[in-house]
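Heads up, model.cif below (mmCIF, C-alpha atoms and all ligand atoms):
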data_run
loop_
_atom_site.group_PDB
_atom_site.id
_atom_site.type_symbol
_atom_site.label_atom_id
_atom_site.label_comp_id
_atom_site.auth_asym_id
_atom_site.auth_seq_id
_atom_site.Cartn_x
_atom_site.Cartn_y
_atom_site.Cartn_z
ATOM 1 C CA MET D 1 9.952 -15.584 14.695
ATOM 2 C CA ASN D 2 13.734 -15.318 14.521
ATOM 3 C CA THR D 3 13.210 -12.123 12.523
ATOM 4 C CA VAL D 4 11.863 -10.597 15.714
ATOM 5 C CA GLN D 5 15.036 -11.508 17.564
ATOM 6 C CA GLN D 6 17.064 -9.816 14.856
ATOM 7 C CA GLU D 7 14.751 -6.867 14.759
ATOM 8 C CA LEU D 8 15.261 -5.873 18.360
ATOM 9 C CA PRO D 9 18.429 -7.506 19.659
ATOM 10 C CA ARG D 10 18.382 -5.569 22.911
ATOM 11 C CA HIS D 11 14.831 -6.487 23.692
ATOM 12 C CA GLY D 12 14.829 -10.110 22.660
ATOM 13 C CA SER D 13 11.353 -11.109 21.603
ATOM 14 C CA GLY D 14 9.855 -8.231 23.534
ATOM 15 C CA LEU D 15 7.117 -7.350 21.107
ATOM 16 C CA ALA D 16 3.683 -7.505 22.603
ATOM 17 C CA VAL D 17 1.754 -6.342 19.541
ATOM 18 C CA PRO D 18 0.517 -9.294 17.444
ATOM 19 C CA GLY D 19 -0.181 -7.151 14.360
ATOM 20 C CA PHE D 20 3.395 -5.956 14.474
ATOM 21 C CA ILE D 21 4.760 -9.494 14.431
ATOM 22 C CA LEU D 22 2.389 -10.491 11.651
ATOM 23 C CA GLY D 23 3.426 -7.445 9.634
ATOM 24 C CA LEU D 24 7.043 -8.419 10.085
ATOM 25 C CA ALA D 25 6.450 -11.962 8.967
ATOM 26 C CA LEU D 26 4.627 -10.702 5.909
ATOM 27 C CA LEU D 27 6.917 -7.919 4.893
ATOM 28 C CA LEU D 28 10.415 -8.615 6.054
ATOM 29 C CA SER D 29 10.737 -12.014 4.358
ATOM 30 C CA GLY D 30 12.836 -13.275 7.233
ATOM 31 C CA THR D 31 15.740 -11.037 6.295
ATOM 32 C CA ALA D 32 15.366 -8.093 8.628
ATOM 33 C CA ALA D 33 18.540 -6.707 10.048
ATOM 34 C CA ALA D 34 19.308 -3.775 12.257
ATOM 35 C CA ALA D 35 21.744 -1.169 11.007
ATOM 36 C CA PRO D 36 24.570 -0.066 13.257
ATOM 37 C CA ALA D 37 23.518 3.242 14.721
ATOM 38 C CA GLY D 38 24.013 5.708 17.477
ATOM 39 C CA GLU D 39 23.708 4.464 21.034
ATOM 40 C CA GLY D 40 20.266 2.960 21.600
ATOM 41 C CA LEU D 41 18.980 3.677 18.077
ATOM 42 C CA ARG D 42 18.075 0.974 15.551
ATOM 43 C CA LEU D 43 16.797 1.254 11.959
ATOM 44 C CA THR D 44 15.163 -1.867 10.560
ATOM 45 C CA ALA D 45 13.958 -2.699 7.075
ATOM 46 C CA PRO D 46 14.036 -5.730 4.768
ATOM 47 C CA GLU D 47 17.373 -6.425 3.084
ATOM 48 C CA SER D 48 15.633 -6.720 -0.294
ATOM 49 C CA VAL D 49 12.287 -5.611 -1.726
ATOM 50 C CA ALA D 50 10.577 -6.368 -5.051
ATOM 51 C CA ARG D 51 10.012 -3.375 -7.280
ATOM 52 C CA GLY D 52 6.297 -2.664 -6.989
ATOM 53 C CA ASP D 53 6.085 -3.624 -3.304
ATOM 54 C CA ALA D 54 5.867 -1.498 -0.167
ATOM 55 C CA PHE D 55 7.886 -2.293 2.946
ATOM 56 C CA VAL D 56 7.852 -1.272 6.593
ATOM 57 C CA ALA D 57 10.807 0.659 8.020
ATOM 58 C CA ARG D 58 11.127 1.221 11.768
ATOM 59 C CA LEU D 59 13.294 3.397 13.945
ATOM 60 C CA THR D 60 13.499 2.136 17.522
ATOM 61 C CA SER D 61 15.052 4.035 20.398
ATOM 62 C CA ASP D 62 15.878 3.258 24.021
ATOM 63 C CA ALA D 63 15.252 6.900 24.861
ATOM 64 C CA PRO D 64 11.904 8.708 24.556
ATOM 65 C CA VAL D 65 11.257 9.878 20.990
ATOM 66 C CA GLU D 66 8.304 11.962 19.781
ATOM 67 C CA ALA D 67 8.884 11.714 16.047
ATOM 68 C CA ALA D 68 11.326 10.413 13.459
ATOM 69 C CA SER D 69 12.406 11.445 9.975
ATOM 70 C CA PHE D 70 12.956 8.735 7.365
ATOM 71 C CA PHE D 71 14.884 9.575 4.191
ATOM 72 C CA TRP D 72 13.990 7.521 1.123
ATOM 73 C CA ARG D 73 14.432 8.299 -2.578
ATOM 74 C CA GLY D 74 15.396 11.894 -1.915
ATOM 75 C CA LYS D 75 12.459 12.745 0.369
ATOM 76 C CA ARG D 76 12.052 13.252 4.102
ATOM 77 C CA HIS D 77 9.024 11.502 5.654
ATOM 78 C CA VAL D 78 8.135 12.498 9.213
ATOM 79 C CA VAL D 79 6.089 10.190 11.439
ATOM 80 C CA SER D 80 5.158 10.197 15.113
ATOM 81 C CA ALA D 81 6.673 7.654 17.474
ATOM 82 C CA ARG D 82 4.979 5.685 20.230
ATOM 83 C CA GLU D 83 6.147 3.782 23.249
ATOM 84 C CA LEU D 84 6.172 0.012 22.792
ATOM 85 C CA ALA D 85 4.690 -2.303 25.382
ATOM 86 C CA ASP D 86 7.336 -3.082 27.983
ATOM 87 C CA SER D 87 8.923 -6.462 27.412
ATOM 88 C CA GLY D 88 10.559 -6.503 30.817
ATOM 89 C CA GLN D 89 13.940 -5.553 29.342
ATOM 90 C CA GLY D 90 13.574 -1.819 29.387
ATOM 91 C CA ARG D 91 11.395 0.709 27.645
ATOM 92 C CA ALA D 92 11.533 1.434 23.919
ATOM 93 C CA TRP D 93 10.000 3.958 21.543
ATOM 94 C CA GLN D 94 9.322 3.329 17.871
ATOM 95 C CA ALA D 95 8.318 5.170 14.694
ATOM 96 C CA GLU D 96 7.241 3.118 11.690
ATOM 97 C CA ILE D 97 6.490 3.980 8.088
ATOM 98 C CA LEU D 98 5.368 2.232 4.914
ATOM 99 C CA LEU D 99 7.691 3.072 2.003
ATOM 100 C CA PRO D 100 7.436 2.217 -1.708
ATOM 101 C CA ALA D 101 9.868 0.491 -4.075
ATOM 102 C CA PRO D 102 8.343 1.805 -7.314
ATOM 103 C CA LEU D 103 8.017 -0.400 -10.389
ATOM 104 C CA GLU D 104 9.993 2.182 -12.384
ATOM 105 C CA GLU D 105 12.910 2.477 -9.936
ATOM 106 C CA LYS D 106 16.093 1.685 -11.888
ATOM 107 C CA ALA D 107 18.610 1.542 -9.032
ATOM 108 C CA ALA D 108 19.871 -1.892 -7.933
ATOM 109 C CA SER D 109 19.803 -0.743 -4.308
ATOM 110 C CA LEU D 110 18.758 2.367 -2.425
ATOM 111 C CA GLY D 111 19.875 3.971 0.803
ATOM 112 C CA LEU D 112 17.389 4.263 3.645
ATOM 113 C CA SER D 113 18.275 6.518 6.535
ATOM 114 C CA ALA D 114 16.634 8.074 9.547
ATOM 115 C CA CYS D 115 17.090 10.453 12.449
ATOM 116 C CA VAL D 116 15.181 11.375 15.587
ATOM 117 C CA GLY D 117 12.879 14.385 15.297
ATOM 118 C CA LYS D 118 10.888 16.223 12.673
ATOM 119 C CA LYS D 119 13.657 18.538 11.544
ATOM 120 C CA CYS D 120 16.879 16.711 12.421
ATOM 121 C CA PRO D 121 19.438 18.018 9.911
ATOM 122 C CA LYS D 122 21.118 14.762 8.945
ATOM 123 C CA PRO D 123 20.633 10.989 9.172
ATOM 124 C CA GLU D 124 21.883 9.293 12.330
ATOM 125 C CA THR D 125 21.564 5.767 10.961
ATOM 126 C CA SER D 126 21.325 4.240 7.499
ATOM 127 C CA ARG D 127 21.229 0.981 5.582
ATOM 128 C CA GLU D 128 20.898 -0.325 2.035
ATOM 129 C CA VAL D 129 17.789 -1.969 0.575
ATOM 130 C CA ARG D 130 18.368 -4.164 -2.493
ATOM 131 C CA LEU D 131 15.717 -4.108 -5.221
ATOM 132 C CA PHE D 132 14.715 -6.998 -7.444
ATOM 133 C CA ASP D 133 12.094 -7.641 -10.122
ATOM 134 C CA ARG D 134 9.171 -10.003 -10.144
ATOM 135 C CA LYS D 135 7.969 -11.477 -13.406
ATOM 136 C CA ARG D 136 5.396 -9.175 -14.989
ATOM 137 C CA PRO D 137 3.635 -11.061 -17.791
ATOM 138 C CA VAL D 138 1.660 -9.411 -20.571
ATOM 139 C CA GLN D 139 -2.115 -9.604 -20.321
ATOM 140 C CA ARG D 140 -4.353 -9.090 -23.339
ATOM 141 C CA LEU D 141 -7.872 -7.767 -22.784
ATOM 142 C CA THR D 142 -10.742 -6.595 -24.930
ATOM 143 C CA VAL D 143 -12.789 -3.621 -23.751
ATOM 144 C CA ASP D 144 -15.187 -1.099 -25.261
ATOM 145 C CA ARG D 145 -13.284 0.890 -27.895
ATOM 146 C CA LYS D 146 -13.989 4.193 -26.107
ATOM 147 C CA TYR D 147 -11.611 3.070 -23.330
ATOM 148 C CA VAL D 148 -8.739 2.397 -25.741
ATOM 149 C CA ALA D 149 -9.186 5.464 -27.914
ATOM 150 C CA PRO D 150 -11.260 7.884 -25.810
ATOM 151 C CA PRO D 151 -13.301 10.308 -27.901
ATOM 152 C CA PRO D 152 -11.561 13.725 -28.094
ATOM 153 C CA GLU D 153 -14.401 15.402 -26.190
ATOM 154 C CA GLN D 154 -13.477 13.231 -23.173
ATOM 155 C CA ALA D 155 -9.857 14.491 -23.036
ATOM 156 C CA ALA D 156 -10.704 17.387 -20.687
ATOM 157 C CA ARG D 157 -12.659 15.081 -18.383
ATOM 158 C CA ILE D 158 -9.840 12.533 -18.236
ATOM 159 C CA LYS D 159 -7.399 15.318 -17.369
ATOM 160 C CA ARG D 160 -9.759 16.618 -14.663
ATOM 161 C CA ASP D 161 -10.076 13.085 -13.264
ATOM 162 C CA ARG D 162 -6.283 12.847 -12.912
ATOM 163 C CA GLN D 163 -6.170 16.193 -11.127
ATOM 164 C CA LYS D 164 -8.940 15.172 -8.711
ATOM 165 C CA VAL D 165 -7.120 11.954 -7.831
ATOM 166 C CA ALA D 166 -3.797 13.792 -7.434
ATOM 167 C CA ALA D 167 -5.465 16.342 -5.128
ATOM 168 C CA ALA D 168 -7.033 13.554 -3.045
ATOM 169 C CA LEU D 169 -3.671 11.776 -2.717
ATOM 170 C CA ALA D 170 -2.044 15.031 -1.596
ATOM 171 C CA GLN D 171 -4.341 15.425 1.439
ATOM 172 C CA PRO D 172 -2.160 15.188 4.550
ATOM 173 C CA LEU D 173 -3.170 13.006 7.508
ATOM 174 C CA PRO D 174 -0.293 12.841 10.012
ATOM 175 C CA GLU D 175 -1.797 9.989 11.998
ATOM 176 C CA GLN D 176 -1.354 6.273 11.407
ATOM 177 C CA LEU D 177 -4.780 4.684 10.958
ATOM 178 C CA TRP D 178 -3.551 1.656 8.942
ATOM 179 C CA GLU D 179 -2.499 -1.582 10.519
ATOM 180 C CA LEU D 180 -1.002 -4.627 8.834
ATOM 181 C CA PRO D 181 -2.171 -6.919 7.520
ATOM 182 C CA LEU D 182 -4.969 -5.016 5.781
ATOM 183 C CA ASP D 183 -8.428 -6.582 5.634
ATOM 184 C CA ARG D 184 -9.504 -8.075 2.305
ATOM 185 C CA PRO D 185 -12.226 -5.744 0.976
ATOM 186 C CA VAL D 186 -14.117 -8.601 -0.697
ATOM 187 C CA PRO D 187 -13.782 -12.354 -0.033
ATOM 188 C CA GLY D 188 -13.276 -13.158 -3.738
ATOM 189 C CA SER D 189 -9.988 -14.514 -5.089
ATOM 190 C CA VAL D 190 -7.523 -12.616 -7.291
ATOM 191 C CA SER D 191 -8.426 -12.390 -10.973
ATOM 192 C CA SER D 192 -5.573 -10.105 -12.088
ATOM 193 C CA LEU D 193 -2.256 -9.262 -10.442
ATOM 194 C CA PHE D 194 -0.549 -5.919 -9.885
ATOM 195 C CA GLY D 195 2.104 -4.932 -12.415
ATOM 196 C CA LEU D 196 0.883 -6.935 -15.413
ATOM 197 C CA LYS D 197 1.688 -5.247 -18.715
ATOM 198 C CA ARG D 198 -1.690 -4.508 -20.243
ATOM 199 C CA VAL D 199 -2.605 -4.698 -23.919
ATOM 200 C CA PHE D 200 -6.137 -3.438 -24.584
ATOM 201 C CA ASN D 201 -7.661 -4.407 -27.947
ATOM 202 C CA GLY D 202 -4.130 -5.050 -29.240
ATOM 203 C CA GLU D 203 -2.697 -1.729 -28.017
ATOM 204 C CA PRO D 204 -0.152 -1.526 -25.148
ATOM 205 C CA ARG D 205 -1.471 0.644 -22.284
ATOM 206 C CA GLY D 206 1.014 0.561 -19.409
ATOM 207 C CA MET D 207 0.885 -1.578 -16.314
ATOM 208 C CA HIS D 208 -1.985 -2.737 -14.149
ATOM 209 C CA ARG D 209 -1.610 -0.663 -10.979
ATOM 210 C CA GLY D 210 -3.887 -2.581 -8.694
ATOM 211 C CA LEU D 211 -5.150 -5.989 -7.703
ATOM 212 C CA ASP D 212 -8.387 -7.293 -9.213
ATOM 213 C CA LEU D 213 -10.561 -9.322 -6.876
ATOM 214 C CA ARG D 214 -13.566 -11.381 -7.899
ATOM 215 C CA GLY D 215 -16.959 -10.214 -6.705
ATOM 216 C CA ALA D 216 -20.525 -10.415 -7.933
ATOM 217 C CA GLU D 217 -22.324 -7.238 -8.980
ATOM 218 C CA GLY D 218 -23.831 -5.610 -5.879
ATOM 219 C CA SER D 219 -21.770 -7.480 -3.280
ATOM 220 C CA PRO D 220 -20.371 -5.348 -0.407
ATOM 221 C CA ILE D 221 -16.878 -3.808 -0.476
ATOM 222 C CA ARG D 222 -15.284 -3.186 2.930
ATOM 223 C CA ALA D 223 -12.584 -0.679 3.945
ATOM 224 C CA CYS D 224 -9.227 -2.464 4.327
ATOM 225 C CA ALA D 225 -8.289 -0.283 7.341
ATOM 226 C CA ASP D 226 -9.527 2.705 9.322
ATOM 227 C CA GLY D 227 -9.299 5.965 7.427
ATOM 228 C CA VAL D 228 -10.859 9.134 6.092
ATOM 229 C CA VAL D 229 -12.627 9.151 2.723
ATOM 230 C CA ALA D 230 -10.505 11.296 0.405
ATOM 231 C CA LEU D 231 -12.500 11.057 -2.844
ATOM 232 C CA VAL D 232 -15.819 9.702 -4.094
ATOM 233 C CA ASP D 233 -16.395 10.280 -7.783
ATOM 234 C CA ASN D 234 -17.287 8.830 -11.146
ATOM 235 C CA LEU D 235 -14.073 8.746 -13.204
ATOM 236 C CA TYR D 236 -13.747 7.916 -16.907
ATOM 237 C CA PHE D 237 -11.494 4.851 -16.621
ATOM 238 C CA SER D 238 -12.098 3.947 -12.969
ATOM 239 C CA GLY D 239 -15.891 4.279 -12.968
ATOM 240 C CA ASN D 240 -17.366 4.851 -9.507
ATOM 241 C CA ALA D 241 -14.328 5.197 -7.288
ATOM 242 C CA VAL D 242 -13.653 5.626 -3.562
ATOM 243 C CA TYR D 243 -10.232 6.659 -2.222
ATOM 244 C CA ILE D 244 -9.463 6.313 1.500
ATOM 245 C CA ASN D 245 -6.640 8.078 3.335
ATOM 246 C CA HIS D 246 -5.179 5.802 6.035
ATOM 247 C CA GLY D 247 -2.629 8.350 7.240
ATOM 248 C CA ASN D 248 1.132 8.810 7.010
ATOM 249 C CA GLY D 249 1.065 8.641 3.194
ATOM 250 C CA VAL D 250 -0.980 5.422 2.808
ATOM 251 C CA PHE D 251 -4.111 5.390 0.598
ATOM 252 C CA SER D 252 -6.379 2.649 -0.755
ATOM 253 C CA SER D 253 -8.678 2.923 -3.765
ATOM 254 C CA TYR D 254 -11.719 0.873 -4.767
ATOM 255 C CA LEU D 255 -12.734 1.155 -8.416
ATOM 256 C CA HIS D 256 -15.583 0.153 -10.766
ATOM 257 C CA MET D 257 -18.227 0.187 -8.002
ATOM 258 C CA SER D 258 -21.889 -0.052 -8.916
ATOM 259 C CA LYS D 259 -22.581 2.233 -5.944
ATOM 260 C CA PRO D 260 -20.371 4.094 -3.453
ATOM 261 C CA LEU D 261 -21.846 4.242 0.067
ATOM 262 C CA VAL D 262 -19.602 6.876 1.689
ATOM 263 C CA THR D 263 -19.008 10.602 1.309
ATOM 264 C CA PRO D 264 -15.761 12.629 1.175
ATOM 265 C CA GLY D 265 -14.407 13.542 4.600
ATOM 266 C CA GLU D 266 -16.260 10.685 6.300
ATOM 267 C CA ARG D 267 -14.298 8.715 8.871
ATOM 268 C CA VAL D 268 -14.553 4.975 8.118
ATOM 269 C CA GLN D 269 -13.592 1.926 10.117
ATOM 270 C CA ARG D 270 -11.839 -1.225 9.012
ATOM 271 C CA GLY D 271 -14.495 -3.618 7.690
ATOM 272 C CA GLN D 272 -17.124 -0.929 7.124
ATOM 273 C CA VAL D 273 -19.071 -1.346 3.879
ATOM 274 C CA ILE D 274 -18.029 1.564 1.638
ATOM 275 C CA GLY D 275 -19.691 0.559 -1.637
ATOM 276 C CA LEU D 276 -20.941 -2.251 -3.860
ATOM 277 C CA VAL D 277 -19.083 -4.223 -6.544
ATOM 278 C CA GLY D 278 -19.885 -3.134 -10.087
ATOM 279 C CA ALA D 279 -18.665 -2.900 -13.667
ATOM 280 C CA THR D 280 -18.362 0.861 -14.234
ATOM 281 C CA GLY D 281 -15.479 2.352 -16.259
ATOM 282 C CA ARG D 282 -12.912 0.334 -18.253
ATOM 283 C CA VAL D 283 -13.821 -3.256 -17.357
ATOM 284 C CA THR D 284 -14.615 -6.590 -18.923
ATOM 285 C CA GLY D 285 -17.110 -7.461 -16.172
ATOM 286 C CA PRO D 286 -17.960 -6.867 -12.483
ATOM 287 C CA HIS D 287 -15.013 -7.039 -10.069
ATOM 288 C CA LEU D 288 -13.172 -4.878 -7.521
ATOM 289 C CA HIS D 289 -9.951 -3.158 -8.544
ATOM 290 C CA LEU D 290 -8.106 -2.486 -5.279
ATOM 291 C CA GLY D 291 -5.292 0.059 -5.466
ATOM 292 C CA MET D 292 -2.731 1.068 -2.826
ATOM 293 C CA VAL D 293 -0.742 4.292 -3.024
ATOM 294 C CA VAL D 294 2.154 4.671 -0.593
ATOM 295 C CA GLN D 295 4.065 7.978 -0.372
ATOM 296 C CA GLY D 296 2.720 8.885 -3.827
ATOM 297 C CA GLU D 297 3.622 5.583 -5.560
ATOM 298 C CA SER D 298 1.309 2.761 -6.623
ATOM 299 C CA VAL D 299 2.287 -0.480 -4.894
ATOM 300 C CA ASP D 300 1.082 -4.057 -4.967
ATOM 301 C CA PRO D 301 -1.752 -4.453 -2.431
ATOM 302 C CA GLN D 302 -1.423 -8.238 -2.267
ATOM 303 C CA PRO D 303 1.561 -8.565 0.143
ATOM 304 C CA LEU D 304 -0.175 -6.127 2.511
ATOM 305 C CA LEU D 305 -3.459 -8.063 2.685
ATOM 306 C CA ALA D 306 -4.510 -10.704 5.175
ATOM 307 C CA PRO D 307 -4.376 -14.189 3.616
ATOM 308 C CA ALA D 308 -7.432 -15.336 1.688
ATOM 309 C CA GLU D 309 -9.937 -17.368 3.660
ATOM 310 C CA HIS D 310 -9.436 -21.090 3.825
ATOM 311 C CA GLY D 311 -10.550 -22.866 0.679
ATOM 312 C CA LYS D 312 -10.300 -19.820 -1.583
ATOM 313 C CA ARG D 313 -7.362 -20.039 -3.923
ATOM 314 C CA ASP D 314 -5.371 -16.828 -4.081
ATOM 315 C CA ALA D 315 -3.971 -17.339 -7.555
ATOM 316 C CA ALA D 316 -4.650 -15.554 -10.808
ATOM 317 C CA PRO D 317 -5.686 -18.058 -13.461
ATOM 318 C CA ALA D 318 -6.283 -16.820 -16.993
ATOM 319 C CA GLY D 319 -9.635 -15.280 -17.703
ATOM 320 C CA GLY D 320 -11.899 -13.527 -15.244
ATOM 321 C CA GLU D 321 -12.870 -9.911 -15.129
ATOM 322 C CA LYS D 322 -10.291 -7.186 -15.085
ATOM 323 C CA LYS D 323 -9.567 -3.604 -15.703
HETATM 324 ZN ZN ZN E 401 -7.749 -3.707 -12.115
#

Whole structure, structure tokens version:
Amino acid sequence: MNTVQQELPRHGSGLAVPGFILGLALLLSGTAAAAPAGEGLRLTAPESVARGDAFVARLTSDAPVEAASFFWRGKRHVVSARELADSGQGRAWQAEILLPAPLEEKAASLGLSACVGKKCPKPETSREVRLFDRKRPVQRLTVDRKYVAPPPEQAARIKRDRQKVAAALAQPLPEQLWELPLDRPVPGSVSSLFGLKRVFNGEPRGMHRGLDLRGAEGSPIRACADGVVALVDNLYFSGNAVYINHGNGVFSSYLHMSKPLVTPGERVQRGQVIGLVGATGRVTGPHLHLGMVVQGESVDPQPLLAPAEHGKRDAAPAGGEKK
């Protein structure tokens, strides 16, 4: 809990929101530090982040704030602020955002900055975030040949699929419906990690951009957080897929379903059954591929998820079913 003390030096441990503390413990790796800033303004973020992970950045103010702008990797991200529960040491307002450290990011460290307001012209506070790599082993899989060398007549469909997903991920929702940690959509353990270099039938095919979770055909898949269904479709590689918009640039995706149980535009609640586990698309067997997209970048869902239930190992032994 000493991260909390560092996080808000003027308010001591004055954080009355349990999810907030849990999110900190999960995401800030005990290295949070506040950047020097203007009077009563603090920007917090982890000192270092693994490429492929998302992290929480927060701007906290002693004065009332309606919104904040965060600047990260050349883009401005605007989010609303809210008043924190009073700790007895004065009032405080806070805006928080989930930001990505993409797998492909080459820089050794990146500047994060922020200012109060939606259109503030320049950052009022900034800090550096160091990036590091996790080991990304190669994983060899064998799938139906049509998923390694798709027949030419499928090229137009595959292109259309990409456009549909891109359009879904571009839908704005300026409201934070996500809350950390995210619920596990199925109780099954991890069968394949995010970021593995994939070789299908002997041919390299990029990285695995999701987390594969074990699940029997037909078992229920639950939304990891509140949100709005952004896409329900049958896609060539992903099979039956559901994408959920959780607001402020955070999306989750659930692939290879046997059956989706929601419709586009539908508001869903954390824990609601949104479909059934299946083996549609490029798979070696039934499982759930869970994806997370944060500000347009695929990130590792695992650090954002609640811990696996007691007795279920959360490792990724060889074998199992993957996409
Ligand atoms: Zn997968």

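Taking all atoms listed in the file into account, ligand ZN 401 (chain E) has within 7 Å the residues Ser192, His208, Arg209, Gly210, Leu211, Asp212, His289, Leu290, Lys322 and Lys323 of chain D.
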
Near-Ala166 in chain D list (12 Å; only C-alpha atoms; drop same-chain fewer than 2 positions) as a short mmCIF file (atom, residue, chain, number, x, y, z; two decimals) with C-alpha atoms, in the frame of the given file:
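Okay, this is what ended up in result-v5.cif:
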data_model
loop_
_atom_site.label_atom_id
_atom_site.label_comp_id
_atom_site.auth_asym_id
_atom_site.auth_seq_id
_atom_site.Cartn_x
_atom_site.Cartn_y
_atom_site.Cartn_z
CA LYS D 159 -7.40 15.32 -17.37
CA ARG D 160 -9.76 16.62 -14.66
CA ASP D 161 -10.08 13.08 -13.26
CA ARG D 162 -6.28 12.85 -12.91
CA GLN D 163 -6.17 16.19 -11.13
CA LYS D 164 -8.94 15.17 -8.71
CA ALA D 168 -7.03 13.55 -3.04
CA LEU D 169 -3.67 11.78 -2.72
CA ALA D 170 -2.04 15.03 -1.60
CA GLN D 171 -4.34 15.42 1.44
CA ALA D 230 -10.50 11.30 0.40
CA LEU D 231 -12.50 11.06 -2.84
CA TYR D 243 -10.23 6.66 -2.22
CA PHE D 251 -4.11 5.39 0.60
CA VAL D 293 -0.74 4.29 -3.02
CA GLY D 296 2.72 8.88 -3.83
CA GLU D 297 3.62 5.58 -5.56
#

Hey, can I get the axis-aligned box for range 79-87 of chain D? All listed atoms, 3 Å padding on each side, centre and edge lengths in Å to one decimal, as AutoDock Vina command-line options.
--center_x 6.8 --center_y 1.9 --center_z 19.7 --size_x 10.2 --size_y 22.7 --size_z 22.5

So that I can check the surroundings of range 109-125 of chain D, please list as an MDAnalysis selection string every protein, DNA and RNA residue that reaches within 9 Å of it, counting all atoms listed in the file and ignoring chain neighbours fewer than 2 positions away.
chainID D and resid 35:38 41:43 45 48 57 59 61 65:73 76:80 106:107 127:132

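Excluding Val268 in chain D itself and same-chain residues fewer than 4 positions from it, the residues having an atom within 10 Å of it are Arg222, Ala223, Cys224, Ala225, Asp226, Gly227, Val228, Val229, Ile244, Asn245, His246, Val262, Thr263, Gln272, Val273 and Ile274 of chain D, counting all atoms listed in the file.
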